[in-house]
Structures are given as structure tokens and as C-alpha cells.
file start-v1.pdb (PDB, C-alpha atoms, pLDDT in the B column)
ATOM      1  CA  THR D1276     -60.076 -10.440 -64.377  1.00 91.00           C
ATOM      2  CA  ASP D1277     -59.018 -13.968 -65.279  1.00 94.00           C
ATOM      3  CA  ALA D1278     -55.608 -13.627 -63.649  1.00 96.00           C
ATOM      4  CA  HIS D1279     -57.104 -12.209 -60.455  1.00 95.00           C
ATOM      5  CA  ALA D1280     -59.597 -15.105 -60.304  1.00 96.00           C
ATOM      6  CA  LEU D1281     -56.908 -17.735 -60.896  1.00 96.00           C
ATOM      7  CA  GLU D1282     -54.721 -16.149 -58.228  1.00 96.00           C
ATOM      8  CA  HIS D1283     -57.621 -15.934 -55.755  1.00 96.00           C
ATOM      9  CA  PHE D1284     -58.406 -19.653 -56.061  1.00 96.00           C
ATOM     10  CA  GLY D1285     -54.766 -20.728 -55.886  1.00 95.00           C
ATOM     11  CA  LEU D1286     -54.607 -21.885 -59.488  1.00 96.00           C
ATOM     12  CA  LEU D1287     -51.811 -19.602 -60.615  1.00 96.00           C
ATOM     13  CA  ASN D1288     -48.281 -20.860 -59.935  1.00 96.00           C
ATOM     14  CA  GLN D1289     -45.057 -21.919 -61.642  1.00 95.00           C
ATOM     15  CA  ASN D1290     -46.799 -24.991 -63.084  1.00 95.00           C
ATOM     16  CA  THR D1291     -49.558 -22.952 -64.741  1.00 97.00           C
ATOM     17  CA  LEU D1292     -49.634 -22.650 -68.529  1.00 97.00           C
ATOM     18  CA  LEU D1293     -51.820 -19.792 -69.772  1.00 97.00           C
ATOM     19  CA  ALA D1294     -52.927 -20.130 -73.388  1.00 95.00           C
ATOM     20  CA  HIS D1295     -53.171 -17.138 -75.745  1.00 95.00           C
ATOM     21  CA  CYS D1296     -53.352 -14.134 -73.343  1.00 96.00           C
ATOM     22  CA  CYS D1297     -53.788 -11.649 -76.205  1.00 94.00           C
ATOM     23  CA  HIS D1298     -56.186  -9.441 -74.254  1.00 95.00           C
ATOM     24  CA  MET D1299     -54.521  -9.115 -70.858  1.00 95.00           C
ATOM     25  CA  GLN D1300     -55.984  -6.472 -68.578  1.00 95.00           C
ATOM     26  CA  PRO D1301     -54.124  -3.937 -66.394  1.00 95.00           C
ATOM     27  CA  GLY D1302     -52.352  -5.666 -63.531  1.00 96.00           C
ATOM     28  CA  GLU D1303     -52.469  -9.154 -65.038  1.00 97.00           C
ATOM     29  CA  ILE D1304     -48.898  -9.108 -66.359  1.00 97.00           C
ATOM     30  CA  GLU D1305     -47.635  -8.385 -62.849  1.00 97.00           C
ATOM     31  CA  ILE D1306     -49.765 -11.186 -61.377  1.00 97.00           C
ATOM     32  CA  VAL D1307     -48.506 -13.723 -63.925  1.00 97.00           C
ATOM     33  CA  HIS D1308     -44.907 -12.651 -63.370  1.00 97.00           C
ATOM     34  CA  LYS D1309     -45.253 -12.906 -59.584  1.00 97.00           C
ATOM     35  CA  ALA D1310     -46.675 -16.423 -59.904  1.00 97.00           C
ATOM     36  CA  GLN D1311     -43.889 -17.464 -62.317  1.00 96.00           C
ATOM     37  CA  ALA D1312     -46.539 -18.861 -64.638  1.00 97.00           C
ATOM     38  CA  ALA D1313     -45.892 -19.214 -68.359  1.00 97.00           C
ATOM     39  CA  ILE D1314     -47.811 -18.000 -71.397  1.00 98.00           C
ATOM     40  CA  VAL D1315     -48.254 -20.353 -74.352  1.00 97.00           C
ATOM     41  CA  SER D1316     -48.812 -18.521 -77.610  1.00 96.00           C
ATOM     42  CA  CYS D1317     -50.773 -20.072 -80.493  1.00 95.00           C
ATOM     43  CA  PRO D1318     -50.411 -17.319 -83.114  1.00 95.00           C
ATOM     44  CA  LEU D1319     -52.460 -18.905 -85.893  1.00 94.00           C
ATOM     45  CA  SER D1320     -55.415 -19.461 -83.564  1.00 93.00           C
ATOM     46  CA  ASN D1321     -55.079 -15.873 -82.348  1.00 93.00           C
ATOM     47  CA  PHE D1322     -55.444 -14.569 -85.914  1.00 92.00           C
ATOM     48  CA  TYR D1323     -58.661 -16.547 -86.326  1.00 90.00           C
ATOM     49  CA  PHE D1324     -60.387 -16.007 -83.007  1.00 90.00           C
ATOM     50  CA  ALA D1325     -58.629 -13.455 -80.804  1.00 90.00           C
ATOM     51  CA  LYS D1326     -58.199 -11.027 -83.711  1.00 90.00           C
ATOM     52  CA  ALA D1327     -54.978  -9.983 -82.027  1.00 92.00           C
ATOM     53  CA  ALA D1328     -51.300 -10.813 -81.827  1.00 94.00           C
ATOM     54  CA  LEU D1329     -49.484 -11.496 -78.579  1.00 96.00           C
ATOM     55  CA  PRO D1330     -46.622  -8.986 -78.064  1.00 96.00           C
ATOM     56  CA  ILE D1331     -44.156 -11.761 -77.260  1.00 97.00           C
ATOM     57  CA  LYS D1332     -40.994  -9.698 -77.371  1.00 96.00           C
ATOM     58  CA  THR D1333     -42.475  -7.074 -75.049  1.00 95.00           C
ATOM     59  CA  LEU D1334     -43.570  -9.701 -72.536  1.00 97.00           C
ATOM     60  CA  VAL D1335     -40.185 -11.419 -72.566  1.00 96.00           C
ATOM     61  CA  CYS D1336     -37.810  -8.451 -72.770  1.00 95.00           C
ATOM     62  CA  GLN D1337     -39.684  -5.819 -70.790  1.00 95.00           C
ATOM     63  CA  HIS D1338     -41.640  -7.928 -68.297  1.00 96.00           C
ATOM     64  CA  SER D1339     -39.435 -11.040 -67.967  1.00 96.00           C
ATOM     65  CA  LEU D1340     -42.336 -13.423 -68.569  1.00 97.00           C
ATOM     66  CA  GLN D1341     -41.853 -16.977 -69.779  1.00 96.00           C
ATOM     67  CA  VAL D1342     -43.415 -17.473 -73.209  1.00 97.00           C
ATOM     68  CA  ALA D1343     -43.583 -20.666 -75.258  1.00 97.00           C
ATOM     69  CA  LEU D1344     -44.932 -21.469 -78.695  1.00 96.00           C
ATOM     70  CA  SER D1345     -47.595 -24.044 -79.483  1.00 94.00           C
ATOM     71  CA  THR D1346     -50.326 -24.996 -81.945  1.00 92.00           C
ATOM     72  CA  ASP D1347     -54.086 -25.021 -81.539  1.00 88.00           C
ATOM     73  CA  ILE D1348     -55.667 -27.172 -84.217  1.00 80.00           C
ATOM     74  CA  ALA D1349     -59.147 -26.263 -82.980  1.00 78.00           C
ATOM     75  CA  GLY D1350     -58.329 -22.676 -83.879  1.00 78.00           C
ATOM     76  CA  GLY D1351     -56.295 -23.045 -87.037  1.00 82.00           C
ATOM     77  CA  TYR D1352     -55.482 -25.225 -90.016  1.00 87.00           C
ATOM     78  CA  SER D1353     -52.085 -26.665 -89.117  1.00 89.00           C
ATOM     79  CA  PRO D1354     -50.552 -28.656 -86.241  1.00 90.00           C
ATOM     80  CA  SER D1355     -47.078 -28.001 -87.632  1.00 92.00           C
ATOM     81  CA  MET D1356     -44.600 -26.299 -85.315  1.00 94.00           C
ATOM     82  CA  LEU D1357     -42.731 -25.054 -88.383  1.00 94.00           C
ATOM     83  CA  ASN D1358     -45.903 -23.253 -89.384  1.00 94.00           C
ATOM     84  CA  ALA D1359     -46.358 -21.966 -85.823  1.00 95.00           C
ATOM     85  CA  MET D1360     -42.852 -20.481 -85.902  1.00 97.00           C
ATOM     86  CA  ARG D1361     -43.507 -18.730 -89.212  1.00 96.00           C
ATOM     87  CA  THR D1362     -46.829 -17.420 -87.938  1.00 96.00           C
ATOM     88  CA  ALA D1363     -45.218 -16.093 -84.757  1.00 97.00           C
ATOM     89  CA  VAL D1364     -42.789 -14.086 -86.880  1.00 97.00           C
ATOM     90  CA  LEU D1365     -45.658 -12.836 -89.038  1.00 96.00           C
ATOM     91  CA  ALA D1366     -47.673 -11.891 -85.936  1.00 96.00           C
ATOM     92  CA  SER D1367     -44.774  -9.783 -84.692  1.00 96.00           C
ATOM     93  CA  LYS D1368     -44.891  -7.887 -87.984  1.00 95.00           C
ATOM     94  CA  THR D1369     -48.592  -7.098 -87.580  1.00 94.00           C
ATOM     95  CA  LEU D1370     -47.841  -5.347 -84.287  1.00 93.00           C
ATOM     96  CA  GLN D1371     -45.821  -2.874 -86.321  1.00 93.00           C
ATOM     97  CA  PHE D1372     -48.648  -2.007 -88.731  1.00 89.00           C
ATOM     98  CA  GLN D1373     -49.412   1.685 -89.052  1.00 84.00           C
ATOM     99  CA  THR D1374     -51.888   3.673 -91.123  1.00 81.00           C
ATOM    100  CA  HIS D1375     -51.077   7.219 -92.076  1.00 79.00           C
ATOM    101  CA  PRO D1376     -53.722   9.607 -90.682  1.00 80.00           C
ATOM    102  CA  THR D1377     -54.353  11.044 -94.171  1.00 80.00           C
ATOM    103  CA  SER D1378     -54.814   7.618 -95.800  1.00 83.00           C
ATOM    104  CA  VAL D1379     -58.222   6.721 -97.218  1.00 82.00           C
ATOM    105  CA  PHE D1380     -57.952   3.542 -95.140  1.00 80.00           C
ATOM    106  CA  SER D1381     -57.413   5.301 -91.820  1.00 82.00           C
ATOM    107  CA  GLN D1382     -59.987   4.876 -89.087  1.00 78.00           C
ATOM    108  CA  LYS D1383     -61.511   7.653 -87.036  1.00 76.00           C
ATOM    109  CA  ASN D1384     -59.044   8.804 -84.384  1.00 77.00           C
ATOM    110  CA  THR D1385     -56.119   7.046 -86.074  1.00 78.00           C
ATOM    111  CA  PRO D1386     -53.170   7.376 -83.652  1.00 81.00           C
ATOM    112  CA  PRO D1387     -50.105   9.346 -84.721  1.00 83.00           C
ATOM    113  CA  LEU D1388     -47.416   7.459 -86.572  1.00 84.00           C
ATOM    114  CA  LYS D1389     -44.758   5.921 -84.345  1.00 88.00           C
ATOM    115  CA  ASP D1390     -41.060   5.613 -85.002  1.00 89.00           C
ATOM    116  CA  GLU D1391     -40.520   2.560 -87.228  1.00 90.00           C
ATOM    117  CA  ASP D1392     -37.222   1.603 -85.601  1.00 91.00           C
ATOM    118  CA  GLN D1393     -38.817   1.720 -82.172  1.00 91.00           C
ATOM    119  CA  LEU D1394     -41.679  -0.519 -83.297  1.00 90.00           C
ATOM    120  CA  ARG D1395     -39.233  -2.946 -84.863  1.00 92.00           C
ATOM    121  CA  ASN D1396     -37.082  -3.116 -81.752  1.00 92.00           C
ATOM    122  CA  THR D1397     -40.148  -3.549 -79.544  1.00 92.00           C
ATOM    123  CA  HIS D1398     -41.925  -6.286 -81.483  1.00 94.00           C
ATOM    124  CA  ASP D1399     -39.842  -7.886 -84.219  1.00 95.00           C
ATOM    125  CA  LEU D1400     -39.181 -11.630 -83.776  1.00 96.00           C
ATOM    126  CA  THR D1401     -36.585 -13.410 -85.868  1.00 96.00           C
ATOM    127  CA  HIS D1402     -37.067 -16.954 -87.098  1.00 96.00           C
ATOM    128  CA  PHE D1403     -34.300 -18.058 -84.740  1.00 96.00           C
ATOM    129  CA  GLU D1404     -36.109 -16.494 -81.786  1.00 97.00           C
ATOM    130  CA  ALA D1405     -39.264 -18.326 -82.864  1.00 97.00           C
ATOM    131  CA  LEU D1406     -37.242 -21.551 -82.951  1.00 97.00           C
ATOM    132  CA  TYR D1407     -36.194 -20.908 -79.347  1.00 97.00           C
ATOM    133  CA  LEU D1408     -39.841 -20.400 -78.328  1.00 97.00           C
ATOM    134  CA  ALA D1409     -40.732 -23.729 -79.948  1.00 97.00           C
ATOM    135  CA  THR D1410     -37.895 -25.662 -78.274  1.00 97.00           C
ATOM    136  CA  LEU D1411     -36.110 -24.484 -75.138  1.00 97.00           C
ATOM    137  CA  GLY D1412     -38.808 -21.875 -74.501  1.00 96.00           C
ATOM    138  CA  GLY D1413     -41.406 -24.647 -74.392  1.00 96.00           C
ATOM    139  CA  ALA D1414     -39.225 -26.818 -72.180  1.00 96.00           C
ATOM    140  CA  THR D1415     -38.718 -23.916 -69.762  1.00 96.00           C
ATOM    141  CA  ALA D1416     -42.462 -23.234 -69.624  1.00 95.00           C
ATOM    142  CA  LEU D1417     -43.051 -26.891 -68.737  1.00 95.00           C
ATOM    143  CA  GLY D1418     -40.368 -26.804 -66.042  1.00 94.00           C
ATOM    144  CA  LYS D1419     -38.343 -29.388 -67.962  1.00 95.00           C
ATOM    145  CA  ALA D1420     -35.492 -27.293 -69.337  1.00 96.00           C
ATOM    146  CA  HIS D1421     -33.052 -29.520 -67.413  1.00 96.00           C
ATOM    147  CA  LEU D1422     -34.277 -32.524 -69.400  1.00 96.00           C
ATOM    148  CA  ILE D1423     -35.294 -31.356 -72.873  1.00 96.00           C
ATOM    149  CA  GLY D1424     -35.287 -28.383 -75.221  1.00 95.00           C
ATOM    150  CA  SER D1425     -31.636 -28.283 -76.275  1.00 96.00           C
ATOM    151  CA  PHE D1426     -28.710 -30.551 -77.091  1.00 94.00           C
ATOM    152  CA  GLU D1427     -26.755 -30.100 -73.870  1.00 94.00           C
ATOM    153  CA  VAL D1428     -24.926 -33.151 -72.556  1.00 95.00           C
ATOM    154  CA  GLY D1429     -27.063 -35.095 -70.099  1.00 94.00           C
ATOM    155  CA  LYS D1430     -30.437 -34.170 -71.576  1.00 96.00           C
ATOM    156  CA  GLN D1431     -32.658 -36.718 -73.278  1.00 95.00           C
ATOM    157  CA  PHE D1432     -32.205 -36.829 -77.022  1.00 95.00           C
ATOM    158  CA  ASP D1433     -35.425 -35.511 -78.563  1.00 95.00           C
ATOM    159  CA  ALA D1434     -34.520 -34.321 -82.031  1.00 94.00           C
ATOM    160  CA  LEU D1435     -35.305 -33.950 -85.692  1.00 94.00           C
ATOM    161  CA  ILE D1436     -32.719 -34.428 -88.416  1.00 94.00           C
ATOM    162  CA  LEU D1437     -33.565 -31.931 -91.134  1.00 92.00           C
ATOM    163  CA  ASP D1438     -32.676 -32.203 -94.812  1.00 90.00           C
ATOM    164  CA  ALA D1439     -32.220 -28.956 -96.733  1.00 86.00           C
ATOM    165  CA  GLY D1440     -31.667 -30.789-100.003  1.00 84.00           C
ATOM    166  CA  GLN D1441     -35.318 -31.287-100.890  1.00 85.00           C
ATOM    167  CA  SER D1442     -36.989 -29.504-103.808  1.00 86.00           C
ATOM    168  CA  ASN D1443     -38.900 -27.063-101.589  1.00 87.00           C
ATOM    169  CA  ILE D1444     -35.637 -25.532-100.302  1.00 85.00           C
ATOM    170  CA  ARG D1445     -34.262 -23.411-103.092  1.00 76.00           C
ATOM    171  CA  ALA D1446     -30.537 -23.567-103.808  1.00 74.00           C
ATOM    172  CA  PHE D1447     -29.005 -20.364-105.139  1.00 76.00           C
ATOM    173  CA  PRO D1448     -26.231 -20.277-107.753  1.00 75.00           C
ATOM    174  CA  ASN D1449     -22.590 -20.271-106.667  1.00 78.00           C
ATOM    175  CA  HIS D1450     -23.482 -21.604-103.211  1.00 76.00           C
ATOM    176  CA  THR D1451     -24.955 -18.271-102.156  1.00 78.00           C
ATOM    177  CA  ALA D1452     -26.669 -18.338 -98.743  1.00 78.00           C
ATOM    178  CA  GLU D1453     -25.486 -21.875 -97.997  1.00 82.00           C
ATOM    179  CA  GLN D1454     -23.974 -21.309 -94.549  1.00 86.00           C
ATOM    180  CA  LYS D1455     -25.481 -23.279 -91.659  1.00 86.00           C
ATOM    181  CA  ASN D1456     -27.571 -20.338 -90.445  1.00 89.00           C
ATOM    182  CA  ASP D1457     -28.782 -19.700 -93.997  1.00 89.00           C
ATOM    183  CA  LEU D1458     -29.842 -23.319 -94.461  1.00 88.00           C
ATOM    184  CA  LEU D1459     -31.647 -23.369 -91.116  1.00 91.00           C
ATOM    185  CA  ARG D1460     -33.428 -20.128 -91.965  1.00 91.00           C
ATOM    186  CA  LYS D1461     -34.509 -21.615 -95.314  1.00 90.00           C
ATOM    187  CA  ILE D1462     -35.970 -24.646 -93.548  1.00 92.00           C
ATOM    188  CA  LEU D1463     -37.743 -22.465 -90.992  1.00 93.00           C
ATOM    189  CA  CYS D1464     -39.219 -20.338 -93.794  1.00 93.00           C
ATOM    190  CA  LEU D1465     -39.987 -23.031 -96.393  1.00 92.00           C
ATOM    191  CA  GLY D1466     -39.735 -26.400 -94.689  1.00 92.00           C
ATOM    192  CA  ASP D1467     -42.383 -29.063 -94.180  1.00 92.00           C
ATOM    193  CA  ASP D1468     -42.592 -32.831 -93.635  1.00 91.00           C
ATOM    194  CA  ARG D1469     -40.402 -33.450 -96.693  1.00 91.00           C
ATOM    195  CA  ASN D1470     -37.447 -32.002 -94.834  1.00 92.00           C
ATOM    196  CA  ILE D1471     -37.751 -34.211 -91.742  1.00 93.00           C
ATOM    197  CA  LYS D1472     -35.261 -36.991 -92.382  1.00 94.00           C
ATOM    198  CA  ALA D1473     -35.380 -38.610 -88.937  1.00 97.00           C
ATOM    199  CA  VAL D1474     -37.234 -38.269 -85.631  1.00 96.00           C
ATOM    200  CA  PHE D1475     -35.757 -39.204 -82.252  1.00 96.00           C
ATOM    201  CA  CYS D1476     -37.643 -39.327 -78.967  1.00 95.00           C
ATOM    202  CA  TYR D1477     -35.759 -40.073 -75.768  1.00 93.00           C
ATOM    203  CA  GLY D1478     -32.902 -41.385 -77.892  1.00 93.00           C
ATOM    204  CA  THR D1479     -35.069 -43.828 -79.843  1.00 96.00           C
ATOM    205  CA  ARG D1480     -35.413 -43.312 -83.586  1.00 97.00           C
ATOM    206  CA  LEU D1481     -39.096 -43.230 -84.551  1.00 96.00           C
ATOM    207  CA  LYS D1482     -38.632 -42.392 -88.228  1.00 91.00           C
TER     208      LYS D1482
END
call {"tool": "encode", "arguments": {"input": "start-v1.pdb", "output": "C-alpha cells"}}
result
Amino acid sequence: TDAHALEHFGLLNQNTLLAHCCHMQPGEIEIVHKAQAAIVSCPLSNFYFAKAALPIKTLVCQHSLQVALSTDIAGGYSPSMLNAMRTAVLASKTLQFQTHPTSVFSQKNTPPLKDEDQLRNTHDLTHFEALYLATLGGATALGKAHLIGSFEVGKQFDALILDAGQSNIRAFPNHTAEQKNDLLRKILCLGDDRNIKAVFCYGTRLK
């Protein structure tokens, strides 16, 4: 398998970033974990070409693998990390799809229905978890979590200032759903370039 080959030639270590990994074979998860390598998920590309979704929550929670989020413009239509976060959440929903055995859309040998709560707990990603994968998760995968990925004192200031007051972010009457978490969730679900008010890289304002 790919992981066995990479391990054999000494190419699998804590500096290795493995893209996609939607079709891992038996034993490969253990090899990747032993090497402390990281998986970089590009969910939109996976929809187009892998025809699969990476079970991110399973890899992180059950196998303690490092997973980060990225984009793959050669395999999708958007370089936006906001779009990548939304697609990662959507991909986690597809892993919960089930078809009732008696449905006209069921395939031959359709597996028995599974418990919905179990599927949700196994696969469901929140938008905030996707945000982690796109920020500190990425920094950890790159071995730079001590420098970037969060706003801890001493790290370099790489940041976006986001504006939730643009027309694409709907305001509800009577200030409903206007708490900080609500506003962030709205931006993660609906945001685009219009909501990026400022861009800082290494403390220098670029926009």
C-alpha cells in the first residue's frame, strides 16, 4: 500500500503531510499514527475525484491522528478556506447517509440501517470544529503550532478581521442570534470576501 511504501523508503515521518487519504487500506492508519504524520483533507476535491469523504472525526477521536483542512484548486472550484470549512461539514453529513432496504433507491445488498445517534456522534463535524481544522489544526500538522494557528501571546499575528454587518449575513429581528458564537457561525456558513475587513500577516496589515 502507499503507506507501507512510504514507510519502507523512509518518507513517512512527523514532517509528512498526506493529502486526501479517503481510501486508506487496512494497517495504514496505524502506520501513519506511528510515524506521527498528518493528513490534509481537501473535501471539495474528494467529492469530485475520490468520490468519498474522509471520516475526519473518526481519525481524530478514535485513532488520534492529526488532520488539517486545505483546498485543492486543481480538484475543485474554490480556493476559499471558508468554502473548505463548509464543505468539510457537509462531507461529515454524507458519511451519515442511509438508504432504507425497502426503498426503490436501495442498492443490492443494502446494509442494515444503523443507529442515527451513533452515526452522528461518529462523524458529525460542527462549523467550529472545521474552523479549528483550518487554523490550529493546520498549524499543528505543519509543526508550527508554537508560532501560528491561534491568538496566544507570543505567537505571530496572522489574522483576519471579519465583518458580520455585510448584506450577505442576515440580521434577525429583535437581535435574535446575535451573540458572538452566532455571528461567527453566520460568517462560517454565509461569509465570503465581502466579510474580510482586514488581513494581517506576521503583524503587518496587508489589507
call {"tool": "closest_residue", "arguments": {"input": "start-v1.pdb", "among": "D:Lys1461, D:Arg1469, D:Lys1389, D:His1398", "to": "Ala1446 of chain D", "atoms": "all atoms listed in the file"}}
result
D:Lys1461
call {"tool": "residues_around", "arguments": {"input": "start-v1.pdb", "residues": "Ser1367 of chain D", "least_positions_apart": "2", "cutoff": "6 Å", "atoms": "all atoms listed in the file", "output": "VMD selection string"}}
result
chain D and resid 1364 to 1365 1369 to 1370 1398 to 1400
call {"tool": "closest_residue", "arguments": {"input": "start-v1.pdb", "among": "D:Leu1287, D:Ala1325, D:Met1360, D:Ala1312", "to": "Cys1464 of chain D", "atoms": "all atoms listed in the file"}}
result
D:Met1360
call {"tool": "resolve_selection", "arguments": {"input": "start-v1.pdb", "expression": "the PyMOL selection byres ((chain D and resi 1477) around 8)", "output": "number ranges by chain"}}
result
D: 1431-1433, 1475-1476, 1478-1479
call {"tool": "residues_around", "arguments": {"input": "start-v1.pdb", "residues": "segment 1335-1338 of chain D", "least_positions_apart": "2", "cutoff": "12 Å", "atoms": "all atoms listed in the file", "output": "PDB file with C-alpha atoms, keeping the file's coordinate frame"}}
result
ATOM      1  CA  GLY D1302     -52.352  -5.666 -63.531  1.00 96.00           C
ATOM      2  CA  GLU D1303     -52.469  -9.154 -65.038  1.00 97.00           C
ATOM      3  CA  ILE D1304     -48.898  -9.108 -66.359  1.00 97.00           C
ATOM      4  CA  GLU D1305     -47.635  -8.385 -62.849  1.00 97.00           C
ATOM      5  CA  ILE D1306     -49.765 -11.186 -61.377  1.00 97.00           C
ATOM      6  CA  VAL D1307     -48.506 -13.723 -63.925  1.00 97.00           C
ATOM      7  CA  HIS D1308     -44.907 -12.651 -63.370  1.00 97.00           C
ATOM      8  CA  LYS D1309     -45.253 -12.906 -59.584  1.00 97.00           C
ATOM      9  CA  GLN D1311     -43.889 -17.464 -62.317  1.00 96.00           C
ATOM     10  CA  ALA D1313     -45.892 -19.214 -68.359  1.00 97.00           C
ATOM     11  CA  ILE D1314     -47.811 -18.000 -71.397  1.00 98.00           C
ATOM     12  CA  LEU D1329     -49.484 -11.496 -78.579  1.00 96.00           C
ATOM     13  CA  PRO D1330     -46.622  -8.986 -78.064  1.00 96.00           C
ATOM     14  CA  ILE D1331     -44.156 -11.761 -77.260  1.00 97.00           C
ATOM     15  CA  LYS D1332     -40.994  -9.698 -77.371  1.00 96.00           C
ATOM     16  CA  THR D1333     -42.475  -7.074 -75.049  1.00 95.00           C
ATOM     17  CA  LEU D1340     -42.336 -13.423 -68.569  1.00 97.00           C
ATOM     18  CA  GLN D1341     -41.853 -16.977 -69.779  1.00 96.00           C
ATOM     19  CA  VAL D1342     -43.415 -17.473 -73.209  1.00 97.00           C
ATOM     20  CA  ALA D1343     -43.583 -20.666 -75.258  1.00 97.00           C
ATOM     21  CA  ASN D1396     -37.082  -3.116 -81.752  1.00 92.00           C
ATOM     22  CA  THR D1397     -40.148  -3.549 -79.544  1.00 92.00           C
ATOM     23  CA  HIS D1398     -41.925  -6.286 -81.483  1.00 94.00           C
ATOM     24  CA  ASP D1399     -39.842  -7.886 -84.219  1.00 95.00           C
ATOM     25  CA  LEU D1400     -39.181 -11.630 -83.776  1.00 96.00           C
ATOM     26  CA  GLU D1404     -36.109 -16.494 -81.786  1.00 97.00           C
ATOM     27  CA  LEU D1408     -39.841 -20.400 -78.328  1.00 97.00           C
ATOM     28  CA  GLY D1412     -38.808 -21.875 -74.501  1.00 96.00           C
TER      29      GLY D1412
END
call {"tool": "closest_residue", "arguments": {"input": "start-v1.pdb", "among": "D:Leu1435, D:Leu1344, D:Ser1339, D:Arg1445", "to": "Val1474 of chain D", "atoms": "only C-alpha atoms"}}
result
D:Leu1435
call {"tool": "residues_around", "arguments": {"input": "start-v1.pdb", "residues": "Ser1345 of chain D", "least_positions_apart": "2", "cutoff": "7 Å", "atoms": "all atoms listed in the file", "output": "ChimeraX atom specification"}}
result
/D:1315-1317,1343,1347,1356,1359,1409
call {"tool": "closest_residue", "arguments": {"input": "start-v1.pdb", "among": "D:Asn1456, D:Thr1374, D:Ser1355, D:Leu1437", "to": "Lys1482 of chain D", "atoms": "only C-alpha atoms"}}
result
D:Leu1437
call {"tool": "build_atoms", "arguments": {"input": "start-v1.pdb", "residues": "segment 1453-1467 of chain D", "atoms": "N, CA, C and O atoms", "output": "PDB file, keeping the file's coordinate frame"}}
result
ATOM      1  N   GLU D1453     -25.554 -20.448 -98.307  1.00 82.00           N
ATOM      2  CA  GLU D1453     -25.486 -21.875 -97.997  1.00 82.00           C
ATOM      3  C   GLU D1453     -24.780 -22.150 -96.674  1.00 82.00           C
ATOM      4  O   GLU D1453     -24.419 -23.289 -96.389  1.00 82.00           O
ATOM      5  N   GLN D1454     -24.539 -21.093 -95.877  1.00 86.00           N
ATOM      6  CA  GLN D1454     -23.974 -21.309 -94.549  1.00 86.00           C
ATOM      7  C   GLN D1454     -25.015 -22.001 -93.661  1.00 86.00           C
ATOM      8  O   GLN D1454     -26.201 -22.038 -93.973  1.00 86.00           O
ATOM      9  N   LYS D1455     -24.571 -22.527 -92.526  1.00 86.00           N
ATOM     10  CA  LYS D1455     -25.481 -23.279 -91.659  1.00 86.00           C
ATOM     11  C   LYS D1455     -26.691 -22.446 -91.244  1.00 86.00           C
ATOM     12  O   LYS D1455     -27.826 -22.932 -91.261  1.00 86.00           O
ATOM     13  N   ASN D1456     -26.454 -21.192 -90.843  1.00 89.00           N
ATOM     14  CA  ASN D1456     -27.571 -20.338 -90.445  1.00 89.00           C
ATOM     15  C   ASN D1456     -28.515 -20.071 -91.608  1.00 89.00           C
ATOM     16  O   ASN D1456     -29.735 -19.983 -91.424  1.00 89.00           O
ATOM     17  N   ASP D1457     -27.955 -19.930 -92.814  1.00 89.00           N
ATOM     18  CA  ASP D1457     -28.782 -19.700 -93.997  1.00 89.00           C
ATOM     19  C   ASP D1457     -29.668 -20.907 -94.282  1.00 89.00           C
ATOM     20  O   ASP D1457     -30.860 -20.772 -94.583  1.00 89.00           O
ATOM     21  N   LEU D1458     -29.080 -22.099 -94.196  1.00 88.00           N
ATOM     22  CA  LEU D1458     -29.842 -23.319 -94.461  1.00 88.00           C
ATOM     23  C   LEU D1458     -30.943 -23.510 -93.426  1.00 88.00           C
ATOM     24  O   LEU D1458     -32.066 -23.899 -93.764  1.00 88.00           O
ATOM     25  N   LEU D1459     -30.629 -23.240 -92.161  1.00 91.00           N
ATOM     26  CA  LEU D1459     -31.647 -23.369 -91.116  1.00 91.00           C
ATOM     27  C   LEU D1459     -32.767 -22.367 -91.342  1.00 91.00           C
ATOM     28  O   LEU D1459     -33.949 -22.705 -91.208  1.00 91.00           O
ATOM     29  N   ARG D1460     -32.408 -21.140 -91.704  1.00 91.00           N
ATOM     30  CA  ARG D1460     -33.428 -20.128 -91.965  1.00 91.00           C
ATOM     31  C   ARG D1460     -34.318 -20.543 -93.144  1.00 91.00           C
ATOM     32  O   ARG D1460     -35.529 -20.338 -93.136  1.00 91.00           O
ATOM     33  N   LYS D1461     -33.722 -21.143 -94.171  1.00 90.00           N
ATOM     34  CA  LYS D1461     -34.509 -21.615 -95.314  1.00 90.00           C
ATOM     35  C   LYS D1461     -35.521 -22.675 -94.878  1.00 90.00           C
ATOM     36  O   LYS D1461     -36.685 -22.661 -95.304  1.00 90.00           O
ATOM     37  N   ILE D1462     -35.063 -23.602 -94.022  1.00 92.00           N
ATOM     38  CA  ILE D1462     -35.970 -24.646 -93.548  1.00 92.00           C
ATOM     39  C   ILE D1462     -37.083 -24.050 -92.694  1.00 92.00           C
ATOM     40  O   ILE D1462     -38.257 -24.431 -92.815  1.00 92.00           O
ATOM     41  N   LEU D1463     -36.730 -23.094 -91.837  1.00 93.00           N
ATOM     42  CA  LEU D1463     -37.743 -22.465 -90.992  1.00 93.00           C
ATOM     43  C   LEU D1463     -38.762 -21.688 -91.826  1.00 93.00           C
ATOM     44  O   LEU D1463     -39.940 -21.603 -91.464  1.00 93.00           O
ATOM     45  N   CYS D1464     -38.321 -21.131 -92.949  1.00 93.00           N
ATOM     46  CA  CYS D1464     -39.219 -20.338 -93.794  1.00 93.00           C
ATOM     47  C   CYS D1464     -40.008 -21.197 -94.785  1.00 93.00           C
ATOM     48  O   CYS D1464     -41.170 -20.896 -95.096  1.00 93.00           O
ATOM     49  N   LEU D1465     -39.393 -22.273 -95.290  1.00 92.00           N
ATOM     50  CA  LEU D1465     -39.987 -23.031 -96.393  1.00 92.00           C
ATOM     51  C   LEU D1465     -40.230 -24.502 -96.080  1.00 92.00           C
ATOM     52  O   LEU D1465     -40.875 -25.202 -96.865  1.00 92.00           O
ATOM     53  N   GLY D1466     -39.725 -24.974 -94.960  1.00 92.00           N
ATOM     54  CA  GLY D1466     -39.735 -26.400 -94.689  1.00 92.00           C
ATOM     55  C   GLY D1466     -41.101 -26.977 -94.355  1.00 92.00           C
ATOM     56  O   GLY D1466     -42.018 -26.283 -93.935  1.00 92.00           O
ATOM     57  N   ASP D1467     -41.190 -28.302 -94.558  1.00 92.00           N
ATOM     58  CA  ASP D1467     -42.383 -29.063 -94.180  1.00 92.00           C
ATOM     59  C   ASP D1467     -41.950 -30.505 -93.931  1.00 92.00           C
ATOM     60  O   ASP D1467     -40.760 -30.785 -93.732  1.00 92.00           O
TER      61      ASP D1467
END
